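A.B. asks: File coords24.txt below, compact mmCIF, C-alpha atoms:
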```txt
# COMPACT_ATOMS: atom_id res chain seq x y z
CA MET S 26 -29.29 2.10 3.55
CA PRO S 27 -27.50 -1.02 2.31
CA ARG S 28 -26.41 -1.03 -1.33
CA ARG S 29 -27.49 -3.81 -3.63
CA GLY S 30 -25.30 -6.88 -3.24
CA LEU S 31 -23.50 -5.38 -0.26
CA VAL S 32 -24.53 -6.75 3.11
CA LEU S 33 -22.82 -5.59 6.29
CA SER S 34 -23.10 -8.32 8.91
CA SER S 35 -22.14 -8.32 12.57
CA PHE S 36 -21.10 -11.55 14.27
CA ALA S 37 -21.64 -10.85 17.97
CA ALA S 38 -20.56 -13.37 20.58
CA GLY S 39 -22.34 -13.35 23.93
CA ASN S 40 -24.56 -15.28 26.31
CA SER S 41 -27.48 -16.01 24.03
CA GLY S 42 -28.29 -16.45 20.39
CA PRO S 43 -29.35 -19.02 17.81
CA TRP S 44 -25.87 -20.51 17.33
CA ARG S 45 -24.15 -22.23 20.27
CA ILE S 46 -20.38 -21.85 20.26
CA GLU S 47 -18.72 -25.26 20.65
CA SER S 48 -15.12 -24.06 20.57
CA ILE S 49 -12.86 -21.10 19.81
CA SER S 50 -9.36 -22.12 18.75
CA ALA S 51 -6.41 -19.88 17.93
CA VAL S 52 -4.88 -21.44 14.82
CA VAL S 53 -2.27 -18.71 14.18
CA GLY S 54 -1.69 -15.66 16.39
CA ASP S 55 -4.06 -14.38 19.07
CA GLY S 56 -7.41 -16.06 19.69
CA LEU S 57 -10.67 -14.45 20.79
CA PRO S 58 -12.33 -14.35 24.22
CA GLU S 59 -14.58 -17.21 25.24
CA ALA S 60 -18.33 -16.92 24.68
CA THR S 61 -21.21 -19.37 24.52
CA HIS S 62 -23.46 -18.10 21.74
CA LEU S 63 -23.32 -16.17 18.48
CA ASN S 64 -25.79 -13.75 16.95
CA ILE S 65 -25.55 -12.73 13.32
CA ARG S 66 -27.21 -9.44 12.46
CA GLU S 67 -27.35 -7.29 9.39
CA GLU S 68 -26.70 -3.56 9.19
CA ASP S 69 -28.64 -1.14 11.39
CA THR S 70 -29.61 -3.66 14.05
CA ALA S 71 -28.51 -3.19 17.62
CA ILE S 72 -25.67 -5.12 19.23
CA ALA S 73 -26.54 -6.66 22.59
CA ASP S 74 -24.96 -4.94 25.59
CA ASP S 75 -23.54 -8.23 26.80
CA ALA S 76 -21.51 -8.90 23.66
CA SER S 77 -18.13 -10.47 24.40
CA TRP S 78 -16.80 -9.50 20.98
CA VAL S 79 -18.20 -8.30 17.67
CA LEU S 80 -16.67 -8.84 14.25
CA ARG S 81 -18.06 -7.00 11.25
CA GLY S 82 -17.72 -7.73 7.57
CA VAL S 83 -19.29 -6.83 4.28
CA THR S 84 -20.08 -9.24 1.45
CA SER S 85 -18.67 -6.80 -1.13
CA ASN S 86 -17.58 -8.06 -4.55
CA GLY S 87 -15.20 -10.91 -5.38
CA ARG S 88 -11.57 -9.94 -5.77
CA TYR S 89 -10.21 -12.97 -7.65
CA VAL S 90 -13.03 -15.09 -9.06
CA ARG S 91 -13.31 -15.09 -12.86
CA ARG S 92 -16.57 -15.36 -14.75
CA ALA S 93 -16.17 -19.05 -15.67
CA GLU S 94 -15.33 -19.90 -12.06
CA GLN S 95 -18.24 -17.86 -10.77
CA GLN S 96 -20.65 -19.68 -13.07
CA ARG S 97 -19.45 -23.06 -11.85
CA LEU S 98 -19.80 -21.89 -8.24
CA VAL S 99 -23.32 -20.58 -8.82
CA GLU S 100 -24.35 -23.84 -10.50
CA ARG S 101 -23.12 -26.00 -7.64
CA GLN S 102 -23.62 -23.98 -4.48
CA GLU S 103 -26.65 -23.90 -2.19
CA GLY S 104 -27.63 -21.06 0.09
CA LEU S 105 -27.13 -20.58 3.80
CA GLY S 106 -29.94 -21.51 6.17
CA ARG S 107 -30.65 -25.06 4.99
CA THR S 108 -32.56 -26.91 7.72
CA ARG S 109 -30.14 -29.83 7.81
CA ALA S 110 -27.10 -27.52 8.08
CA THR S 111 -26.94 -27.44 11.89
CA ARG S 112 -23.14 -27.14 12.07
CA ALA S 113 -21.26 -23.94 11.31
CA ALA S 114 -17.80 -22.43 11.49
CA LEU S 115 -16.75 -18.80 11.59
CA ILE S 116 -13.09 -18.42 10.60
CA PRO S 117 -11.66 -14.89 10.82
CA ILE S 118 -8.23 -14.50 9.20
CA ARG S 119 -5.70 -11.74 8.74
CA LYS S 120 -3.00 -11.74 6.08
CA THR S 121 0.54 -10.38 6.36
CA PRO S 122 1.70 -6.97 5.07
CA ALA S 123 3.72 -8.93 2.47
CA TRP S 124 0.45 -10.25 1.01
CA TRP S 125 -1.08 -6.81 0.77
CA ASP S 126 2.08 -5.43 -0.86
CA LEU S 127 1.61 -7.86 -3.75
CA ALA S 128 0.01 -6.65 -6.97
CA GLN S 129 -3.33 -8.05 -8.16
CA ASP S 130 -1.80 -10.57 -10.59
CA GLU S 131 0.60 -11.86 -7.93
CA ARG S 132 -2.19 -12.31 -5.37
CA ARG S 133 -4.41 -14.07 -7.92
CA ALA S 134 -1.55 -16.44 -8.92
CA ILE S 135 -0.95 -17.47 -5.31
CA PHE S 136 -4.68 -17.64 -4.52
CA GLU S 137 -5.72 -19.88 -7.39
CA GLU S 138 -2.96 -20.99 -9.75
CA ARG S 139 -0.72 -22.10 -6.85
CA SER S 140 -3.23 -22.73 -4.04
CA SER S 141 -6.44 -23.74 -5.85
CA HIS S 142 -8.50 -21.85 -3.29
CA ILE S 143 -11.60 -21.73 -5.52
CA ALA S 144 -11.13 -25.30 -6.78
CA ILE S 145 -10.77 -26.68 -3.24
CA GLY S 146 -13.98 -24.95 -2.12
CA MET S 147 -15.73 -26.28 -5.22
CA ASP S 148 -14.85 -29.87 -4.27
CA TYR S 149 -17.10 -29.56 -1.20
CA LEU S 150 -20.13 -28.00 -2.88
CA PRO S 151 -22.99 -28.14 -2.29
CA ALA S 152 -22.41 -29.86 1.08
CA ILE S 153 -20.33 -27.06 2.65
CA ALA S 154 -22.03 -23.72 2.03
CA ARG S 155 -19.90 -20.64 2.60
CA ARG S 156 -20.10 -16.88 2.56
CA LEU S 157 -17.12 -14.54 2.58
CA PHE S 158 -17.20 -11.20 4.39
CA HIS S 159 -14.51 -8.58 3.77
CA CYS S 160 -13.38 -6.45 6.70
CA ARG S 161 -9.89 -5.13 5.94
CA ASP S 162 -11.22 -1.81 4.65
CA LEU S 163 -13.48 -1.53 7.71
CA GLY S 164 -10.40 -1.33 9.94
CA GLY S 165 -11.13 -4.27 12.23
CA PRO S 166 -8.63 -6.81 13.57
CA PHE S 167 -9.13 -9.27 10.68
CA ASP S 168 -9.13 -9.04 6.88
CA PHE S 169 -11.85 -11.64 6.18
CA LEU S 170 -14.52 -13.59 7.98
CA THR S 171 -15.70 -16.79 6.35
CA TRP S 172 -18.94 -18.38 7.50
CA PHE S 173 -19.51 -22.07 6.68
CA GLU S 174 -22.68 -24.16 7.17
CA TYR S 175 -23.01 -27.93 6.81
CA ALA S 176 -24.89 -30.96 8.06
CA PRO S 177 -23.41 -33.07 10.90
CA GLU S 178 -22.67 -35.92 8.48
CA ASP S 179 -20.42 -33.57 6.48
CA SER S 180 -18.22 -32.72 9.48
CA ALA S 181 -15.34 -34.90 8.27
CA SER S 182 -15.51 -33.26 4.84
CA PHE S 183 -15.33 -29.89 6.49
CA GLU S 184 -12.19 -30.85 8.46
CA ASN S 185 -10.68 -31.99 5.20
CA LEU S 186 -11.53 -28.70 3.49
CA VAL S 187 -9.91 -26.51 6.15
CA ALA S 188 -6.86 -28.78 6.36
CA ARG S 189 -6.33 -28.53 2.60
CA LEU S 190 -6.66 -24.74 2.64
CA ARG S 191 -4.22 -24.44 5.55
CA GLY S 192 -1.66 -26.43 3.59
CA THR S 193 -1.64 -24.04 0.61
CA ALA S 194 0.95 -21.45 -0.42
CA GLU S 195 -1.68 -18.80 0.22
CA TRP S 196 -1.88 -19.77 3.90
CA ALA S 197 1.80 -18.91 4.40
CA PHE S 198 0.53 -15.31 4.27
CA VAL S 199 -1.98 -15.81 7.11
CA ASP S 200 -0.69 -14.32 10.34
CA ARG S 201 -3.85 -14.57 12.41
CA GLU S 202 -6.56 -17.18 12.21
CA VAL S 203 -9.23 -18.16 14.71
CA ASP S 204 -11.50 -21.15 14.17
CA ILE S 205 -14.92 -20.90 15.83
CA ARG S 206 -17.17 -23.93 15.64
CA LEU S 207 -20.92 -23.70 16.21
CA SER S 208 -24.08 -25.74 16.23
CA ARG S 209 -27.80 -25.22 16.37
CA ALA S 210 -30.65 -27.56 17.20
CA MET Y 26 -4.89 1.81 15.19
CA PRO Y 27 -4.37 2.06 11.43
CA ARG Y 28 -2.89 -0.99 9.70
CA ARG Y 29 0.26 -0.66 7.62
CA GLY Y 30 -0.50 0.65 4.15
CA LEU Y 31 -4.10 1.33 5.05
CA VAL Y 32 -4.96 4.96 5.67
CA LEU Y 33 -8.52 6.04 6.41
CA SER Y 34 -8.97 9.64 5.37
CA SER Y 35 -11.87 12.01 5.85
CA PHE Y 36 -12.55 14.78 3.35
CA ALA Y 37 -14.64 17.29 5.30
CA ALA Y 38 -16.11 20.32 3.56
CA GLY Y 39 -16.90 23.37 5.65
CA ASN Y 40 -16.09 27.01 6.29
CA SER Y 41 -12.37 26.76 6.87
CA GLY Y 42 -9.43 24.62 5.95
CA PRO Y 43 -6.20 24.57 3.96
CA TRP Y 44 -7.87 23.90 0.59
CA ARG Y 45 -10.29 26.47 -0.84
CA ILE Y 46 -13.10 24.94 -2.87
CA GLU Y 47 -13.33 26.62 -6.27
CA SER Y 48 -16.27 24.63 -7.63
CA ILE Y 49 -18.45 21.58 -7.05
CA SER Y 50 -19.95 20.18 -10.25
CA ALA Y 51 -22.32 17.27 -10.65
CA VAL Y 52 -20.99 15.34 -13.65
CA VAL Y 53 -23.41 12.39 -13.42
CA GLY Y 54 -26.23 12.06 -10.88
CA ASP Y 55 -26.61 14.10 -7.70
CA GLY Y 56 -24.01 16.67 -6.71
CA LEU Y 57 -22.92 17.68 -3.21
CA PRO Y 58 -23.84 20.72 -1.10
CA GLU Y 59 -21.87 23.91 -1.53
CA ALA Y 60 -18.97 24.63 0.81
CA THR Y 61 -15.97 26.93 0.73
CA HIS Y 62 -13.11 24.90 2.21
CA LEU Y 63 -11.91 21.33 2.57
CA ASN Y 64 -10.06 19.64 5.41
CA ILE Y 65 -8.37 16.29 4.92
CA ARG Y 66 -7.81 14.32 8.08
CA GLU Y 67 -6.59 10.86 8.85
CA GLU Y 68 -8.23 8.32 11.12
CA ASP Y 69 -9.02 9.17 14.74
CA THR Y 70 -9.07 12.94 14.28
CA ALA Y 71 -12.21 14.90 15.01
CA ILE Y 72 -14.55 16.26 12.35
CA ALA Y 73 -15.41 19.95 12.74
CA ASP Y 74 -18.96 20.62 13.93
CA ASP Y 75 -19.56 22.92 10.98
CA ALA Y 76 -18.88 20.28 8.33
CA SER Y 77 -21.21 20.57 5.33
CA TRP Y 78 -20.38 17.05 4.20
CA VAL Y 79 -17.80 14.41 4.97
CA LEU Y 80 -16.61 11.65 2.63
CA ARG Y 81 -14.44 8.86 3.96
CA GLY Y 82 -12.21 6.45 2.11
CA VAL Y 83 -9.38 4.05 2.75
CA THR Y 84 -6.26 3.64 0.63
CA SER Y 85 -6.55 -0.16 0.81
CA ASN Y 86 -4.80 -2.33 -1.81
CA GLY Y 87 -5.00 -2.09 -5.59
CA ARG Y 88 -7.69 -4.20 -7.21
CA TYR Y 89 -6.48 -4.28 -10.82
CA VAL Y 90 -2.87 -3.11 -11.07
CA ARG Y 91 -0.34 -5.82 -12.03
CA ARG Y 92 3.25 -5.94 -10.79
CA ALA Y 93 4.77 -4.60 -14.03
CA GLU Y 94 2.27 -1.73 -14.10
CA GLN Y 95 2.87 -0.97 -10.45
CA GLN Y 96 6.61 -0.79 -11.00
CA ARG Y 97 6.18 1.68 -13.86
CA LEU Y 98 3.84 3.77 -11.70
CA VAL Y 99 6.25 3.79 -8.76
CA GLU Y 100 9.13 4.80 -11.03
CA ARG Y 101 7.25 7.74 -12.52
CA GLN Y 102 4.99 9.06 -9.79
CA GLU Y 103 5.74 11.74 -7.19
CA GLY Y 104 4.06 12.09 -3.81
CA LEU Y 105 1.29 14.39 -2.70
CA GLY Y 106 2.17 17.63 -0.95
CA ARG Y 107 4.64 19.07 -3.48
CA THR Y 108 4.97 22.81 -2.84
CA ARG Y 109 4.21 23.76 -6.44
CA ALA Y 110 1.08 21.57 -6.55
CA THR Y 111 -1.38 24.26 -5.46
CA ARG Y 112 -4.30 22.92 -7.50
CA ALA Y 113 -6.30 19.85 -6.53
CA ALA Y 114 -9.41 17.91 -7.48
CA LEU Y 115 -11.48 15.51 -5.42
CA ILE Y 116 -13.61 13.30 -7.67
CA PRO Y 117 -15.99 10.91 -5.89
CA ILE Y 118 -17.58 8.32 -8.16
CA ARG Y 119 -20.08 5.50 -7.81
CA LYS Y 120 -20.39 2.61 -10.24
CA THR Y 121 -23.55 0.81 -11.32
CA PRO Y 122 -24.78 -2.52 -9.89
CA ALA Y 123 -23.98 -3.98 -13.35
CA TRP Y 124 -20.29 -3.18 -12.77
CA TRP Y 125 -20.25 -4.84 -9.37
CA ASP Y 126 -21.99 -7.92 -10.75
CA LEU Y 127 -19.05 -8.48 -13.12
CA ALA Y 128 -16.37 -11.00 -12.19
CA GLN Y 129 -12.78 -9.90 -11.54
CA ASP Y 130 -11.52 -10.76 -15.06
CA GLU Y 131 -14.41 -8.88 -16.68
CA ARG Y 132 -13.82 -5.76 -14.55
CA ARG Y 133 -10.08 -5.85 -15.25
CA ALA Y 134 -10.67 -6.20 -19.02
CA ILE Y 135 -12.93 -3.15 -19.08
CA PHE Y 136 -10.70 -1.19 -16.70
CA GLU Y 137 -7.42 -1.63 -18.56
CA GLU Y 138 -7.58 -3.67 -21.77
CA ARG Y 139 -10.56 -1.65 -23.10
CA SER Y 140 -10.27 1.63 -21.18
CA SER Y 141 -6.51 2.00 -20.50
CA HIS Y 142 -7.25 3.49 -17.09
CA ILE Y 143 -3.73 2.85 -15.77
CA ALA Y 144 -2.05 3.83 -19.06
CA ILE Y 145 -3.98 7.13 -19.24
CA GLY Y 146 -2.98 8.06 -15.69
CA MET Y 147 0.63 7.15 -16.52
CA ASP Y 148 0.68 9.63 -19.41
CA TYR Y 149 0.30 12.48 -16.91
CA LEU Y 150 2.93 11.37 -14.40
CA PRO Y 151 4.66 12.88 -12.59
CA ALA Y 152 2.79 16.17 -13.20
CA ILE Y 153 -0.61 14.97 -11.97
CA ALA Y 154 -0.18 13.16 -8.63
CA ARG Y 155 -3.10 11.04 -7.51
CA ARG Y 156 -4.26 8.89 -4.63
CA LEU Y 157 -7.23 6.53 -4.73
CA PHE Y 158 -9.42 5.95 -1.69
CA HIS Y 159 -11.87 3.04 -1.59
CA CYS Y 160 -15.19 3.57 0.14
CA ARG Y 161 -17.68 1.04 -1.23
CA ASP Y 162 -17.10 -1.39 1.64
CA LEU Y 163 -17.46 1.49 4.14
CA GLY Y 164 -21.06 1.95 3.06
CA GLY Y 165 -20.92 5.62 2.01
CA PRO Y 166 -22.66 7.20 -0.99
CA PHE Y 167 -19.68 6.68 -3.34
CA ASP Y 168 -17.44 3.75 -4.29
CA PHE Y 169 -14.18 5.67 -4.75
CA LEU Y 170 -12.67 9.06 -4.03
CA THR Y 171 -9.73 10.13 -6.14
CA TRP Y 172 -7.57 13.01 -4.99
CA PHE Y 173 -5.39 14.74 -7.60
CA GLU Y 174 -2.70 17.42 -7.04
CA TYR Y 175 -0.93 19.45 -9.72
CA ALA Y 176 0.71 22.79 -10.43
CA PRO Y 177 -1.35 25.59 -12.03
CA GLU Y 178 0.59 25.23 -15.30
CA ASP Y 179 -0.61 21.62 -15.54
CA SER Y 180 -4.30 22.57 -15.36
CA ALA Y 181 -4.86 21.97 -19.08
CA SER Y 182 -3.23 18.54 -18.80
CA PHE Y 183 -5.53 17.72 -15.94
CA GLU Y 184 -8.63 18.65 -17.98
CA ASN Y 185 -7.33 16.40 -20.71
CA LEU Y 186 -6.82 13.51 -18.28
CA VAL Y 187 -10.36 13.65 -16.88
CA ALA Y 188 -11.89 14.06 -20.34
CA ARG Y 189 -10.06 10.96 -21.58
CA LEU Y 190 -11.16 8.90 -18.58
CA ARG Y 191 -14.77 10.03 -18.99
CA GLY Y 192 -14.72 8.87 -22.60
CA THR Y 193 -13.76 5.28 -21.74
CA ALA Y 194 -15.89 2.11 -21.74
CA GLU Y 195 -15.31 1.95 -17.98
CA TRP Y 196 -17.07 5.28 -17.48
CA ALA Y 197 -20.31 3.90 -18.93
CA PHE Y 198 -20.57 2.14 -15.55
CA VAL Y 199 -20.32 5.38 -13.55
CA ASP Y 200 -23.73 6.46 -12.28
CA ARG Y 201 -22.63 9.21 -9.94
CA GLU Y 202 -19.67 11.54 -10.26
CA VAL Y 203 -18.96 14.85 -8.62
CA ASP Y 204 -15.98 16.99 -9.58
CA ILE Y 205 -14.63 19.23 -6.82
CA ARG Y 206 -11.84 21.64 -7.72
CA LEU Y 207 -9.62 23.21 -5.10
CA SER Y 208 -6.66 25.48 -4.67
CA ARG Y 209 -4.29 26.60 -1.97
CA ALA Y 210 -1.94 29.54 -1.69
```
Let me see the file written as structure tokens.

C.D. replies:
Amino acid sequence: MPRRGLVLSSFAAGNSGPWRIESISAVVGDGLPEATHLNIREEDTAIADDASWVLRGVTSNGRYVRRAEQQRLVERQEGLGRTRATRAALIPIRKTPAWWDLAQDERRAIFEERSSHIAIGMDYLPAIARRLFHCRDLGGPFDFLTWFEYAPEDSASFENLVARLRGTAEWAFVDREVDIRLSRA
Amino acid sequence: MPRRGLVLSSFAAGNSGPWRIESISAVVGDGLPEATHLNIREEDTAIADDASWVLRGVTSNGRYVRRAEQQRLVERQEGLGRTRATRAALIPIRKTPAWWDLAQDERRAIFEERSSHIAIGMDYLPAIARRLFHCRDLGGPFDFLTWFEYAPEDSASFENLVARLRGTAEWAFVDREVDIRLSRA
């Protein structure tokens, strides 16, 4: 019985599925086992027996985005599932205990005032569509899963986006990051 | 394998346990089934077969508290489990979709600038000890569980605390609240 605005999704890697896994790279810390395909399913659907790994996250509510920022995002962003968006990335990250010991105002200041996390993402809208899933409270191995979708011609823009984020002050608090690249026909 | 600072607790109501349930009152919306005792267990421990209901929550990180507020809280608060604190309350609440549609700055403004949620709680420290458990992301029927502990002589103060919170602008966004009172010898 999902609650409004709260979607629990499972990203299950295995031998078949609509998204083909092109690569799985450990950016910081441990990586994830190899697999060839990814299935994305919403709550209450079965996980295939042959799953290599499963990561779960919930869309939840934003933790840092202010109203004015949210309005600009809504105006510029496009949804997932666009036909031309045949490239995707799933990037699970975990942040350090030092991050989680910070108070709300300290985390917000690092996230946006120092790292421009929202502003950087905005620079690539609507080309790079994204959805954030929270999983820290669910007790899994990561704190967040971000799913990105884009057209092949925006691949260079996407590399630029992730490189800029990884260069921020916020990223100094990332102690595990895996970068999974995918494609579909 | 619990993560540092992240405790998943289960509040299981049944026929036995260290806390005797004195009352279960529906404040807003549906209540909860009757039961006589409450067990509180941390992650990975079994739930008794005779449980009447089980609510789960995770301590997680604060969503609104700023560093200066957190320091004042830490200076004034005492831990759970004080010998003289033989009275307790478990208050599960759920907030409306309208609350969750608000951006972070709007929720913070209602929470503290308009409703003084942190300041009200501070007025009753250290007498009324509290711990907040998040459960919205876990998918249960409530968004938060708050556990309070206090000595019998602070019962009137506790009634005052909950009455003040229920009178705030924030509480207009509460669409389910159950108030469970407990005691132990």

A.B. asks: Show me which bits of chain Y are within 12 Å of chain S, counting only C-alpha atoms, as a ChimeraX atom specification.

C.D. replies: /Y:26-34,68-69,81-96,119-134,158-168

A.B. asks: I'd like the contact shell of Asp55 (chain Y) - 8 Å cut-off, only C-alpha atoms, skipping same-chain residues fewer than 4 positions apart - returned as a list in words.

C.D. replies: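 With the cut-off at 8 Å, the set is Ala51, Arg201, Glu202 and Val203 of chain Y.
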
A.B. asks: In Å, rounded to a single decimal, give me how far CA of Ser35 (chain S) is from CA of Ile65 (chain S).

C.D. replies: 5.6 Å

A.B. asks: Using 6 Å of padding on each side, determine the axis-aligned box around all atoms of region 167-184 of chain Y present in the file and give its centre and edge lengths in Å to one decimal, as lines of an AutoDock Vina configuration file.

C.D. replies:
```
center_x = -9.5
center_y = 14.7
center_z = -11.2
size_x = 32.4
size_y = 33.8
size_z = 27.7
```

A.B. asks: Between CA of Phe136 (chain Y) and CA of Leu98 (chain Y), what distance in Å does the model show, to one decimal?

C.D. replies: 16.2 Å

A.B. asks: Kindly indicate which residue among S:Ile153, S:Ile46, S:Ile145, S:Ile116 lies nearest to Gly192 (chain S), using only C-alpha atoms for the distances.

C.D. replies: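 Using only C-alpha atoms, the shortest distance to Gly192 (chain S) belongs to S:Ile145.
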
A.B. asks: How many Å separate CA of Glu59 (chain Y) from CA of Thr108 (chain Y)?

C.D. replies: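 Those two atoms sit 26.9 Å apart.
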
A.B. asks: Y:Ile118, Y:Val199, Y:Ile49, Y:Leu150: which is nearest His62 (chain Y), counting all atoms listed in the file?

C.D. replies: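 Closest residue, counting all atoms listed in the file: Y:Ile49.
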